[in-house]
Amino acid sequence: MTKKTYEVFQAVENKAMILGGYWDNFKNEIISELPESYHAEIDELSNNLKTALESLIDELRHPTLILATTGTTSSGKSTLVNLLCGADIVPTAVSEMSAGAVTIEYSEEKALIIQETDQASWECGEWRNISDEEICQRLERVMISYIDNKKNQSNLAYPKFIIHYPFRLLKEYERDLPRGVRVKLLDLPGLSYVGDESNMEVIRQCREALCFVTYNSQETDPQKVRSLLLQVVEQVKSLDASPDRMLFILNRIDVFRDDKDWIESEKRFVEKTTTSIKHELRVQLPEYTQAIDNLDIIKLSTLPALLALQIRSDNQNDSTIACRDADRKCGQLIEETILEDLPRKAENWSSQDRLRVAEDLWKKSYAEEFQEYLNNHITEHFPKLVIPPVIKRFNVSAGNSIAQWAVQTTTTILNSSEENYQQEINKILEIKSSLEDFLKVSDANLRKPFEKINQQFGEYISRQNKEDPINILTEAITDLQFTEPYNEIEEKLVPLYDWKDALGRGVDQILEAVAESLEKRIVTLDYPNFKKADPLKVRLLEGNLRRLFILGYSFDVAKNGQNVVAKTLQEKENLKEKNRELNQLSYNLTQIISPVLEKIVKQEINRIYEAVNELFICHLAYLEKGSNERAPDYVIRFPESELNKVKRDLNFNFVEFDSDFEISKEEYTKKFRTWKHWLWIVPKKEKLSSDNAKIPSIGKILADWKEQLKEIEPQILKQIIEWLIAQIDDLKKNVDKTQSDILDLYQDRLEKARQEITIDYEHKQNVWQPMQQKAKRLEQEFSNLDSFQEEANLSDN
């Protein structure tokens with residue numbers, strides 16, 4: 001049995017308090033042996049430790065638990081939020097309703113705040129002591145207003161809501177959480193708005209959140225199922241968080257209860273969907289392969305689960321309304337023997353009737369299993385999310401300096417006598433040389449693959465090397481993945497080269513949707529990447545495709561292309577019209593693909609940042625371990641929070657996705673750039689009255705666009721490598737300075753001890769050698785503070 005969440009937090013707090021006691025004992029013992037010149041430094045260390053301990057304990061006692069919900073289109077995400085709250089406060093609808101970010105903070109007093117946003121046409125303000133119904137109504141009015149106005153105002157800022165509410169989630173789990181915990185629920189914007197710049201503030205909070213991703217189990221159309229799978233991946237990527245902190249929920253799972261053998265139908269669906277989701281995530285987020293393999297994907301029907309809660313309400317009117325809804329919306333779920341015993345009118349149901357219905361709905365909605373998964377999820381991930389950064393801040397503020405002072409001071413005093421001093425000076429020089437060599441070799445190993453890529457890229461540009469530079473990058477990163485110590489984070493480095501495939505997938509998704517529309521003569525642009533484009537531009541593309549259907553750009557033409565000879569005036573006019581529409585198709589695709597790629601690039605750059613961050617954390621841990629092996633009495637620390645300053649200034653500069661195309665003066669009065677001649681009209685000799693043209697196949701269209709993307713890849717690679725080498729240079733400077741400062745500090749302490757302290761052999765044996773051992777134990781205790789994950793897995797016994 002694992003420890004409860006609050007017990008893990010309490011264990012870390014207890015260890016921290018013990019550390020304070022260890023220091024006090026050590027300080028009181030050593031200060032009596034030291035001259036007064038040491039006292040000021042000891043007092044400063046004590047004050048810093050006191051402040052750091054107070055801050056650490058406060059953060060451990062008052063952590064913030066953030067639970068964020070997102071999901072595929074019409075997946076019941078808002079109903080899940082209501083289930084967590086235990087009331088209908090977030091509006092739900094058959095169509096996509098979630099628009100804007102809703103933050104729900106626990107409070108015994110209910111309140112709603114609609115924040116002021118740019119160009120808001122809805123009422124903003126604050127309402128206290130507000131009813132559940134009014135909260136829901138106000139949110140719905142604002143969301144509808146936003147959705148309607150967004151169609152013509154693509155840059156309209158999304159609404160922001162803050163609700164203070166006594167939600168049931170905290171009441172259910174507070175006995176397992178730290179007593180002062182703060183809990184927030186984030187209902188994230190729908191996928192249509194997830195790319196908005198204004199959403200980044202909310203998305204950033206998700207890096208510190210446990211997330212729910214809901215999936216609509218009711219959808220059966222293969223094309224829409226494919227779209228849902230892509231939406232799941234898009235939501236995960238947009239959350240910018242590790243999948244291992246996400247619970248994937250197959251919502252509305254009760255849809256299979258209508259099948260004759262519903263158990264088998266449900267089982268097949270769960271297995272197939274779980275496999276599909278994991279496969280798609282592995283393809284697009286390979287750096288999280290291990291986490292994806294261990295993902296929890298669970299069954300739930302949020303509406304009957306919520307109604308089961310509301311039927312049990314102490315408010316008779318609320319209970320009756322829930323009974324009516326249960327009878328009308330979930331009657332097929334309720335056991336037939338129960339239905340037969342129920343009065344026709346819900347208001348006539350007895351307390352026993354209501355209890356029986358509530359228990360049946362709760363069981364068949366898998367709500368109990370969901371509660372158990374959620375509890376385990378919080379227990380496993382909440383401490384790992386909150387405690388490590390708290391401990392890192394504590395160590396930087398006080399822990400590292402105390403451990404270093406204690407060991408260095410006792411060691412330098414032991415080596416400050418005349419017979420040992422010169423020997424220690426020589427040892428310092430040896431250690432300094434050894435550390436410099438170690439750091440130099442380690443730095444060379446880190447930068448070697450990237451400098452190799454840089455060199456070969458230069459050869460590629462100068463035509464001395466014909467090998468695709470992207471292949472060179474992939475091979476170099478692969479070599480690094482199998483080089484110690486970076487083999488420990490093998491999969492985490494994949495984004496350093498996977499961006500190429502990600503950009504390709506983004507363009508493919510758009511072009512293949514266009515191809516499918518042309519081939520099937522049905523507009524099918526319901527894919528996540530179209531949500532990243534201006535809705536107006538997407539509507540123009542849809543109209544463009546429909547006009548091509550009318551003009552006869554048929555399945556065969558789309559598949560194979562066509563040589564056309566237009567003889568009659570009507571045929572010539574039709575050919576010119578196709579020419580215009582195909583060129584307009586090129587223009588519309590440019591208007592969509594360029595901004596979509598910009599947003600995909602932002603996602604990929606974030607993945608690259610995370611990969612480099614993991615690489616540098618691994619590198620610093622390796623350096624710290626190796627340095628302390630070479631200088632065990634110096635307590636060398638390379639805190640990644642201080643040294644790993646990855647600059648988030650990487651950017652990919654795209655050229656225009658087009659090439660010269662000149663429309664004839666008869667057709668257009670201006671020129672504009674488009675990527676390719678879709679249609680060449682070539683008059684024959686004057687005596688012939690036909691126009692000849694070759695209409696391109698959709699395959700040719702796709703190939704030309706992909707070729708353009710391939711042409712810009714080397715430039716993107718150049719930007720990445722130059723940026724990465726600059727980050728490695730900065731890291732090396734920081735590491736070298738930190739090491740130099742530690743060595744200088746040790747030598748200063750040696751000089752101080754030599755000048756101010758005199759010890760004889762007996763004092764050395766009886767006082768300072770035992771004191772040094774105590775200092776090293778103290779250093780070890782401070783280092784062990786972050787072993788809380790082992791504590792979490794200990795049994796309560």
# chains A, B, ... in the order shown; residues from 1 in each chain; ligands from 1
>>> residues_around(residues="Asn48 in chain A", least_positions_apart="6", cutoff="10 Å", atoms="only C-alpha atoms", output="tab-separated table (two decimals) with N, CA, C and O atoms, in the first residue's frame")
chain	number	residue	atom	x	y	z
A	42	ILE	N	28.77	31.99	9.66
A	42	ILE	CA	27.86	30.97	10.21
A	42	ILE	C	26.48	31.55	10.45
A	42	ILE	O	25.46	30.92	10.15
A	54	GLU	N	11.45	28.02	6.03
A	54	GLU	CA	10.11	28.60	6.16
A	54	GLU	C	9.40	28.59	4.81
A	54	GLU	O	8.21	28.26	4.72
A	394	PHE	N	14.99	25.27	-2.45
A	394	PHE	CA	15.56	25.21	-1.10
A	394	PHE	C	17.08	25.01	-1.18
A	394	PHE	O	17.84	25.67	-0.48
A	397	SER	N	18.82	28.12	-2.37
A	397	SER	CA	18.76	29.19	-1.36
A	397	SER	C	19.66	28.94	-0.17
A	397	SER	O	20.25	29.88	0.38
A	398	ALA	N	19.79	27.67	0.25
A	398	ALA	CA	20.54	27.42	1.49
A	398	ALA	C	21.23	26.07	1.53
A	398	ALA	O	22.35	25.96	2.02
A	399	GLY	N	20.58	25.02	1.08
A	399	GLY	CA	21.08	23.67	1.27
A	399	GLY	C	22.47	23.45	0.70
A	399	GLY	O	23.36	22.90	1.39
A	401	SER	N	24.86	25.63	-0.07
A	401	SER	CA	25.91	26.45	0.56
A	401	SER	C	26.26	25.92	1.95
A	401	SER	O	27.44	25.94	2.35
A	402	ILE	N	25.28	25.41	2.70
A	402	ILE	CA	25.57	24.86	4.03
A	402	ILE	C	26.40	23.59	3.91
A	402	ILE	O	27.40	23.41	4.63
>>> residues_around(residues="range 251-256 of chain A", least_positions_apart="3", cutoff="12 Å", atoms="only C-alpha atoms", output="JSON, numbers by chain")
{"A": [71, 72, 73, 74, 75, 76, 77, 78, 79, 80, 212, 213, 214, 215, 216, 217, 218, 219, 220, 247, 248, 259, 260, 261, 262, 263, 264, 265, 266, 267, 268, 269, 270, 273, 297, 298, 299, 300, 301, 302, 303, 304, 305, 329, 330, 331, 332, 333, 334, 361, 362, 363, 364, 365, 366, 367, 370]}
>>> residues_around(residues="Arg637 in chain A", least_positions_apart="4", cutoff="12 Å", atoms="only C-alpha atoms", output="mmCIF file with all heavy atoms, in the first residue's frame")
data_model
loop_
_atom_site.group_PDB
_atom_site.id
_atom_site.type_symbol
_atom_site.label_atom_id
_atom_site.label_comp_id
_atom_site.auth_asym_id
_atom_site.auth_seq_id
_atom_site.Cartn_x
_atom_site.Cartn_y
_atom_site.Cartn_z
ATOM 1 N N LYS A 392 14.498 21.994 -5.089
ATOM 2 C CA LYS A 392 15.561 22.678 -5.847
ATOM 3 C C LYS A 392 15.722 24.122 -5.380
ATOM 4 O O LYS A 392 16.851 24.611 -5.223
ATOM 5 C CB LYS A 392 15.245 22.639 -7.349
ATOM 6 C CG LYS A 392 15.443 21.286 -7.986
ATOM 7 C CD LYS A 392 15.047 21.306 -9.452
ATOM 8 C CE LYS A 392 15.194 19.927 -10.077
ATOM 9 N NZ LYS A 392 14.739 19.894 -11.490
ATOM 10 N N ASN A 395 17.516 24.084 -2.033
ATOM 11 C CA ASN A 395 18.953 23.809 -2.140
ATOM 12 C C ASN A 395 19.721 25.007 -2.656
ATOM 13 O O ASN A 395 20.815 25.319 -2.182
ATOM 14 C CB ASN A 395 19.192 22.601 -3.049
ATOM 15 C CG ASN A 395 18.855 21.289 -2.357
ATOM 16 O OD1 ASN A 395 18.931 21.186 -1.137
ATOM 17 N ND2 ASN A 395 18.459 20.287 -3.134
ATOM 18 N N VAL A 396 19.159 25.693 -3.650
ATOM 19 C CA VAL A 396 19.835 26.876 -4.195
ATOM 20 C C VAL A 396 19.881 27.979 -3.153
ATOM 21 O O VAL A 396 20.888 28.696 -3.029
ATOM 22 C CB VAL A 396 19.118 27.351 -5.475
ATOM 23 C CG1 VAL A 396 19.618 28.735 -5.893
ATOM 24 C CG2 VAL A 396 19.323 26.350 -6.602
ATOM 25 N N GLY A 399 20.577 25.024 1.075
ATOM 26 C CA GLY A 399 21.085 23.666 1.269
ATOM 27 C C GLY A 399 22.475 23.449 0.704
ATOM 28 O O GLY A 399 23.359 22.902 1.388
ATOM 29 N N ASN A 400 22.700 23.859 -0.554
ATOM 30 C CA ASN A 400 24.005 23.643 -1.182
ATOM 31 C C ASN A 400 25.117 24.387 -0.453
ATOM 32 O O ASN A 400 26.211 23.842 -0.237
ATOM 33 C CB ASN A 400 23.967 24.095 -2.646
ATOM 34 C CG ASN A 400 23.085 23.209 -3.504
ATOM 35 O OD1 ASN A 400 22.744 22.089 -3.124
ATOM 36 N ND2 ASN A 400 22.697 23.700 -4.670
ATOM 37 N N SER A 401 24.860 25.632 -0.074
ATOM 38 C CA SER A 401 25.915 26.446 0.560
ATOM 39 C C SER A 401 26.265 25.924 1.947
ATOM 40 O O SER A 401 27.437 25.941 2.355
ATOM 41 C CB SER A 401 25.474 27.912 0.641
ATOM 42 O OG SER A 401 24.233 28.036 1.299
ATOM 43 N N ILE A 402 25.278 25.412 2.698
ATOM 44 C CA ILE A 402 25.568 24.863 4.033
ATOM 45 C C ILE A 402 26.404 23.592 3.914
ATOM 46 O O ILE A 402 27.401 23.413 4.628
ATOM 47 C CB ILE A 402 24.250 24.591 4.790
ATOM 48 C CG1 ILE A 402 23.737 25.896 5.388
ATOM 49 C CG2 ILE A 402 24.430 23.532 5.873
ATOM 50 C CD1 ILE A 402 22.519 25.762 6.247
ATOM 51 N N ALA A 403 25.986 22.681 3.008
ATOM 52 C CA ALA A 403 26.747 21.441 2.834
ATOM 53 C C ALA A 403 28.171 21.740 2.384
ATOM 54 O O ALA A 403 29.141 21.141 2.881
ATOM 55 C CB ALA A 403 26.041 20.556 1.803
ATOM 56 N N GLN A 404 28.304 22.673 1.463
ATOM 57 C CA GLN A 404 29.632 23.030 0.949
ATOM 58 C C GLN A 404 30.494 23.674 2.039
ATOM 59 O O GLN A 404 31.671 23.331 2.212
ATOM 60 C CB GLN A 404 29.467 24.000 -0.230
ATOM 61 C CG GLN A 404 30.743 24.281 -0.985
ATOM 62 C CD GLN A 404 30.484 25.257 -2.117
ATOM 63 O OE1 GLN A 404 30.505 26.468 -1.905
ATOM 64 N NE2 GLN A 404 30.231 24.728 -3.317
ATOM 65 N N LEU A 620 24.571 18.151 -16.922
ATOM 66 C CA LEU A 620 24.975 18.752 -15.639
ATOM 67 C C LEU A 620 25.054 17.702 -14.541
ATOM 68 O O LEU A 620 25.959 17.753 -13.688
ATOM 69 C CB LEU A 620 23.997 19.864 -15.254
ATOM 70 C CG LEU A 620 24.095 21.157 -16.067
ATOM 71 C CD1 LEU A 620 22.940 22.089 -15.743
ATOM 72 C CD2 LEU A 620 25.424 21.874 -15.805
ATOM 73 N N ALA A 621 24.110 16.763 -14.531
ATOM 74 C CA ALA A 621 24.153 15.692 -13.521
ATOM 75 C C ALA A 621 25.412 14.856 -13.691
ATOM 76 O O ALA A 621 26.057 14.463 -12.707
ATOM 77 C CB ALA A 621 22.902 14.815 -13.644
ATOM 78 N N TYR A 622 25.772 14.578 -14.934
ATOM 79 C CA TYR A 622 27.000 13.824 -15.233
ATOM 80 C C TYR A 622 28.232 14.610 -14.782
ATOM 81 O O TYR A 622 29.148 14.042 -14.165
ATOM 82 C CB TYR A 622 27.048 13.548 -16.726
ATOM 83 C CG TYR A 622 28.325 12.882 -17.195
ATOM 84 C CD1 TYR A 622 28.579 11.542 -16.905
ATOM 85 C CD2 TYR A 622 29.258 13.595 -17.952
ATOM 86 C CE1 TYR A 622 29.747 10.925 -17.352
ATOM 87 C CE2 TYR A 622 30.422 12.989 -18.401
ATOM 88 C CZ TYR A 622 30.664 11.652 -18.093
ATOM 89 O OH TYR A 622 31.819 11.048 -18.529
ATOM 90 N N LEU A 623 28.254 15.900 -15.065
ATOM 91 C CA LEU A 623 29.385 16.738 -14.648
ATOM 92 C C LEU A 623 29.495 16.795 -13.124
ATOM 93 O O LEU A 623 30.604 16.726 -12.570
ATOM 94 C CB LEU A 623 29.234 18.161 -15.201
ATOM 95 C CG LEU A 623 29.302 18.346 -16.722
ATOM 96 C CD1 LEU A 623 29.230 19.830 -17.068
ATOM 97 C CD2 LEU A 623 30.565 17.728 -17.298
ATOM 98 N N GLU A 624 28.381 16.946 -12.452
ATOM 99 C CA GLU A 624 28.401 17.044 -10.991
ATOM 100 C C GLU A 624 28.921 15.744 -10.369
ATOM 101 O O GLU A 624 29.768 15.778 -9.458
ATOM 102 C CB GLU A 624 27.006 17.360 -10.473
ATOM 103 C CG GLU A 624 26.939 17.600 -8.967
ATOM 104 C CD GLU A 624 25.592 18.112 -8.524
ATOM 105 O OE1 GLU A 624 25.223 19.236 -8.946
ATOM 106 O OE2 GLU A 624 24.901 17.409 -7.760
ATOM 107 N N LYS A 625 28.435 14.628 -10.874
ATOM 108 C CA LYS A 625 28.886 13.338 -10.358
ATOM 109 C C LYS A 625 30.390 13.153 -10.612
ATOM 110 O O LYS A 625 31.147 12.784 -9.698
ATOM 111 C CB LYS A 625 28.099 12.208 -11.015
ATOM 112 C CG LYS A 625 28.433 10.797 -10.528
ATOM 113 C CD LYS A 625 27.492 9.782 -11.170
ATOM 114 C CE LYS A 625 27.768 8.364 -10.658
ATOM 115 N NZ LYS A 625 29.043 7.821 -11.148
ATOM 116 N N GLY A 626 30.834 13.417 -11.844
ATOM 117 C CA GLY A 626 32.242 13.246 -12.175
ATOM 118 C C GLY A 626 33.145 14.198 -11.429
ATOM 119 O O GLY A 626 34.256 13.830 -11.007
ATOM 120 N N SER A 627 32.683 15.425 -11.225
ATOM 121 C CA SER A 627 33.499 16.418 -10.514
ATOM 122 C C SER A 627 33.680 16.042 -9.056
ATOM 123 O O SER A 627 34.778 16.177 -8.493
ATOM 124 C CB SER A 627 32.845 17.800 -10.623
ATOM 125 O OG SER A 627 32.807 18.234 -11.963
ATOM 126 N N ASN A 628 32.627 15.553 -8.422
ATOM 127 C CA ASN A 628 32.729 15.171 -7.014
ATOM 128 C C ASN A 628 33.541 13.893 -6.826
ATOM 129 O O ASN A 628 34.130 13.677 -5.764
ATOM 130 C CB ASN A 628 31.333 15.030 -6.409
ATOM 131 C CG ASN A 628 30.703 16.373 -6.104
ATOM 132 O OD1 ASN A 628 31.185 17.120 -5.240
ATOM 133 N ND2 ASN A 628 29.642 16.717 -6.812
ATOM 134 N N ALA A 631 36.946 15.452 -6.918
ATOM 135 C CA ALA A 631 37.193 16.401 -5.821
ATOM 136 C C ALA A 631 36.162 16.157 -4.730
ATOM 137 O O ALA A 631 35.245 16.966 -4.528
ATOM 138 C CB ALA A 631 37.113 17.830 -6.346
ATOM 139 N N PRO A 632 36.281 15.045 -3.986
ATOM 140 C CA PRO A 632 35.227 14.642 -3.044
ATOM 141 C C PRO A 632 35.037 15.580 -1.860
ATOM 142 O O PRO A 632 33.983 15.536 -1.215
ATOM 143 C CB PRO A 632 35.686 13.253 -2.582
ATOM 144 C CG PRO A 632 37.157 13.228 -2.830
ATOM 145 C CD PRO A 632 37.378 14.063 -4.047
ATOM 146 N N ASP A 633 36.004 16.415 -1.552
ATOM 147 C CA ASP A 633 35.905 17.290 -0.377
ATOM 148 C C ASP A 633 35.529 18.727 -0.738
ATOM 149 O O ASP A 633 35.627 19.622 0.104
ATOM 150 C CB ASP A 633 37.233 17.284 0.393
ATOM 151 C CG ASP A 633 37.563 15.913 0.957
ATOM 152 O OD1 ASP A 633 36.612 15.188 1.314
ATOM 153 O OD2 ASP A 633 38.757 15.563 1.026
ATOM 154 N N SER A 641 18.768 24.609 -12.292
ATOM 155 C CA SER A 641 17.883 25.774 -12.289
ATOM 156 C C SER A 641 18.662 27.081 -12.405
ATOM 157 O O SER A 641 18.133 28.093 -12.862
ATOM 158 C CB SER A 641 17.036 25.801 -11.013
ATOM 159 O OG SER A 641 17.857 25.892 -9.860
ATOM 160 N N GLU A 642 19.958 27.049 -12.016
ATOM 161 C CA GLU A 642 20.787 28.238 -12.093
ATOM 162 C C GLU A 642 21.646 28.262 -13.361
ATOM 163 O O GLU A 642 21.918 29.334 -13.906
ATOM 164 C CB GLU A 642 21.710 28.308 -10.868
ATOM 165 C CG GLU A 642 20.978 28.448 -9.547
ATOM 166 C CD GLU A 642 20.246 29.776 -9.455
ATOM 167 O OE1 GLU A 642 20.921 30.829 -9.494
ATOM 168 O OE2 GLU A 642 19.008 29.769 -9.355
ATOM 169 N N LEU A 643 22.078 27.111 -13.821
ATOM 170 C CA LEU A 643 23.028 27.050 -14.934
ATOM 171 C C LEU A 643 22.368 26.747 -16.276
ATOM 172 O O LEU A 643 22.883 27.135 -17.320
ATOM 173 C CB LEU A 643 24.091 25.976 -14.652
ATOM 174 C CG LEU A 643 24.911 26.153 -13.367
ATOM 175 C CD1 LEU A 643 25.971 25.063 -13.274
ATOM 176 C CD2 LEU A 643 25.577 27.516 -13.335
ATOM 177 N N VAL A 735 29.212 26.704 -16.398
ATOM 178 C CA VAL A 735 29.816 25.596 -15.661
ATOM 179 C C VAL A 735 31.249 25.944 -15.266
ATOM 180 O O VAL A 735 31.666 25.722 -14.115
ATOM 181 C CB VAL A 735 29.777 24.303 -16.499
ATOM 182 C CG1 VAL A 735 30.670 23.223 -15.874
ATOM 183 C CG2 VAL A 735 28.347 23.793 -16.614
ATOM 184 N N ASP A 736 32.022 26.464 -16.216
ATOM 185 C CA ASP A 736 33.419 26.811 -15.930
ATOM 186 C C ASP A 736 33.516 27.846 -14.816
ATOM 187 O O ASP A 736 34.368 27.737 -13.933
ATOM 188 C CB ASP A 736 34.098 27.349 -17.195
ATOM 189 C CG ASP A 736 34.365 26.253 -18.218
ATOM 190 O OD1 ASP A 736 34.237 25.065 -17.856
ATOM 191 O OD2 ASP A 736 34.687 26.586 -19.376
ATOM 192 N N LYS A 737 32.641 28.836 -14.854
ATOM 193 C CA LYS A 737 32.675 29.872 -13.815
ATOM 194 C C LYS A 737 32.301 29.298 -12.456
ATOM 195 O O LYS A 737 32.931 29.610 -11.437
ATOM 196 C CB LYS A 737 31.725 31.015 -14.177
ATOM 197 C CG LYS A 737 31.763 32.176 -13.178
ATOM 198 C CD LYS A 737 30.839 33.301 -13.573
ATOM 199 C CE LYS A 737 31.006 34.486 -12.631
ATOM 200 N NZ LYS A 737 30.858 34.141 -11.206
ATOM 201 N N THR A 738 31.276 28.443 -12.415
ATOM 202 C CA THR A 738 30.851 27.837 -11.153
ATOM 203 C C THR A 738 31.964 26.984 -10.565
ATOM 204 O O THR A 738 32.268 27.080 -9.362
ATOM 205 C CB THR A 738 29.596 26.966 -11.376
ATOM 206 O OG1 THR A 738 28.542 27.783 -11.861
ATOM 207 C CG2 THR A 738 29.158 26.301 -10.078
ATOM 208 N N GLN A 739 32.593 26.180 -11.395
ATOM 209 C CA GLN A 739 33.688 25.347 -10.905
ATOM 210 C C GLN A 739 34.851 26.201 -10.410
ATOM 211 O O GLN A 739 35.415 25.951 -9.342
ATOM 212 C CB GLN A 739 34.174 24.422 -12.017
ATOM 213 C CG GLN A 739 35.353 23.565 -11.605
ATOM 214 C CD GLN A 739 36.266 23.246 -12.777
ATOM 215 O OE1 GLN A 739 36.131 22.177 -13.309
ATOM 216 N NE2 GLN A 739 37.148 24.134 -13.155
ATOM 217 N N SER A 740 35.190 27.221 -11.172
ATOM 218 C CA SER A 740 36.298 28.102 -10.775
ATOM 219 C C SER A 740 36.001 28.793 -9.446
ATOM 220 O O SER A 740 36.872 28.896 -8.574
ATOM 221 C CB SER A 740 36.544 29.140 -11.872
ATOM 222 O OG SER A 740 37.563 30.032 -11.498
ATOM 223 N N ASP A 741 34.761 29.247 -9.288
ATOM 224 C CA ASP A 741 34.378 29.924 -8.038
ATOM 225 C C ASP A 741 34.490 28.971 -6.847
ATOM 226 O O ASP A 741 34.933 29.374 -5.763
ATOM 227 C CB ASP A 741 32.942 30.448 -8.149
ATOM 228 C CG ASP A 741 32.822 31.635 -9.095
ATOM 229 O OD1 ASP A 741 33.874 32.204 -9.470
ATOM 230 O OD2 ASP A 741 31.680 31.982 -9.476
ATOM 231 N N ILE A 742 34.091 27.709 -7.041
ATOM 232 C CA ILE A 742 34.145 26.727 -5.940
ATOM 233 C C ILE A 742 35.595 26.439 -5.554
ATOM 234 O O ILE A 742 35.949 26.373 -4.368
ATOM 235 C CB ILE A 742 33.410 25.441 -6.335
ATOM 236 C CG1 ILE A 742 31.901 25.700 -6.441
ATOM 237 C CG2 ILE A 742 33.668 24.329 -5.315
ATOM 238 C CD1 ILE A 742 31.107 24.551 -7.019
ATOM 239 N N LEU A 743 36.466 26.282 -6.554
ATOM 240 C CA LEU A 743 37.882 26.031 -6.270
ATOM 241 C C LEU A 743 38.533 27.232 -5.590
ATOM 242 O O LEU A 743 39.326 27.079 -4.649
ATOM 243 C CB LEU A 743 38.622 25.700 -7.569
ATOM 244 C CG LEU A 743 38.277 24.352 -8.221
ATOM 245 C CD1 LEU A 743 38.993 24.214 -9.556
ATOM 246 C CD2 LEU A 743 38.628 23.196 -7.312
ATOM 247 N N GLU A 779 26.206 16.798 4.854
ATOM 248 C CA GLU A 779 26.093 16.995 3.400
ATOM 249 C C GLU A 779 25.239 15.894 2.784
ATOM 250 O O GLU A 779 24.403 16.146 1.903
ATOM 251 C CB GLU A 779 27.502 17.009 2.789
ATOM 252 C CG GLU A 779 27.538 17.307 1.301
ATOM 253 C CD GLU A 779 27.513 16.049 0.440
ATOM 254 O OE1 GLU A 779 27.981 15.005 0.920
ATOM 255 O OE2 GLU A 779 26.991 16.118 -0.691
ATOM 256 N N SER A 783 21.616 16.119 0.754
ATOM 257 C CA SER A 783 21.475 15.538 -0.584
ATOM 258 C C SER A 783 20.297 14.575 -0.648
ATOM 259 O O SER A 783 19.686 14.397 -1.709
ATOM 260 C CB SER A 783 22.746 14.792 -0.984
ATOM 261 O OG SER A 783 23.837 15.675 -1.069
#
>>> select_by_dssp(residues="range 155-347 of chain A", states="strand (DSSP E or B)", output="ChimeraX atom specification")
/A:160-165,182-187,210-216,246-251,296-300
>>> residues_around(residues="Glu174 in chain A", least_positions_apart="4", cutoff="12 Å", atoms="only C-alpha atoms", output="list in words")
Lys4, Thr5, Tyr6, Leu65, Tyr106, Phe167, Arg168, Leu169, Leu170, Pro178, Arg179, Gly180, Val181, Arg182, Val183, Asn375, Ile378 and Thr379 of chain A
>>> residues_around(residues="Val441 in chain A", least_positions_apart="6", cutoff="12 Å", atoms="only C-alpha atoms", output="ChimeraX atom specification")
/A:434-435,447-448,623,626,732
>>> write_last_selection(atoms="N, CA and C atoms", output="mmCIF file, in the first residue's frame")
data_model
loop_
_atom_site.group_PDB
_atom_site.id
_atom_site.type_symbol
_atom_site.label_atom_id
_atom_site.label_comp_id
_atom_site.auth_asym_id
_atom_site.auth_seq_id
_atom_site.Cartn_x
_atom_site.Cartn_y
_atom_site.Cartn_z
ATOM 1 N N SER A 434 42.683 18.264 -13.262
ATOM 2 C CA SER A 434 41.845 17.097 -13.535
ATOM 3 C C SER A 434 40.428 17.515 -13.894
ATOM 4 N N LEU A 435 39.882 18.485 -13.164
ATOM 5 C CA LEU A 435 38.520 18.949 -13.437
ATOM 6 C C LEU A 435 38.446 19.657 -14.789
ATOM 7 N N ARG A 447 29.207 18.636 -27.682
ATOM 8 C CA ARG A 447 29.082 19.470 -28.867
ATOM 9 C C ARG A 447 29.511 18.754 -30.160
ATOM 10 N N LYS A 448 30.207 17.623 -30.032
ATOM 11 C CA LYS A 448 30.762 16.936 -31.207
ATOM 12 C C LYS A 448 29.731 16.671 -32.303
ATOM 13 N N LEU A 623 28.254 15.900 -15.065
ATOM 14 C CA LEU A 623 29.385 16.738 -14.648
ATOM 15 C C LEU A 623 29.495 16.795 -13.124
ATOM 16 N N GLY A 626 30.834 13.417 -11.844
ATOM 17 C CA GLY A 626 32.242 13.246 -12.175
ATOM 18 C C GLY A 626 33.145 14.198 -11.429
ATOM 19 N N LYS A 732 28.640 26.015 -21.085
ATOM 20 C CA LYS A 732 30.037 25.795 -20.722
ATOM 21 C C LYS A 732 30.591 26.964 -19.915
#
>>> residues_around(residues="Val233 in chain A", least_positions_apart="5", cutoff="8 Å", atoms="only C-alpha atoms", output="PyMOL selection string")
chain A and resi 277+280-281+284
>>> select_by_dssp(residues="range 1-234 of chain A", states="alpha helix (DSSP H)", output="MDAnalysis selection string")
chainID A and resid 5:31 39:61 77:85 132:150 168:173 200:205 222:234
>>> closest_residue(among="A:Ala326, A:Ile292, A:Lys27, A:Leu750", to="Lys278 in chain A", atoms="only C-alpha atoms")
A:Ile292
>>> closest_residue(among="A:Ala209, A:Pro535, A:Arg354, A:Asn644", to="Asn149 in chain A", atoms="only C-alpha atoms")
A:Pro535
>>> closest_residue(among="A:Thr483, A:Leu414, A:Leu285, A:Met246", to="His763 in chain A", atoms="only C-alpha atoms")
A:Leu414
>>> closest_residue(among="A:Glu722, A:Glu172, A:Asp360, A:Glu762", to="Ile338 in chain A", atoms="only C-alpha atoms")
A:Asp360
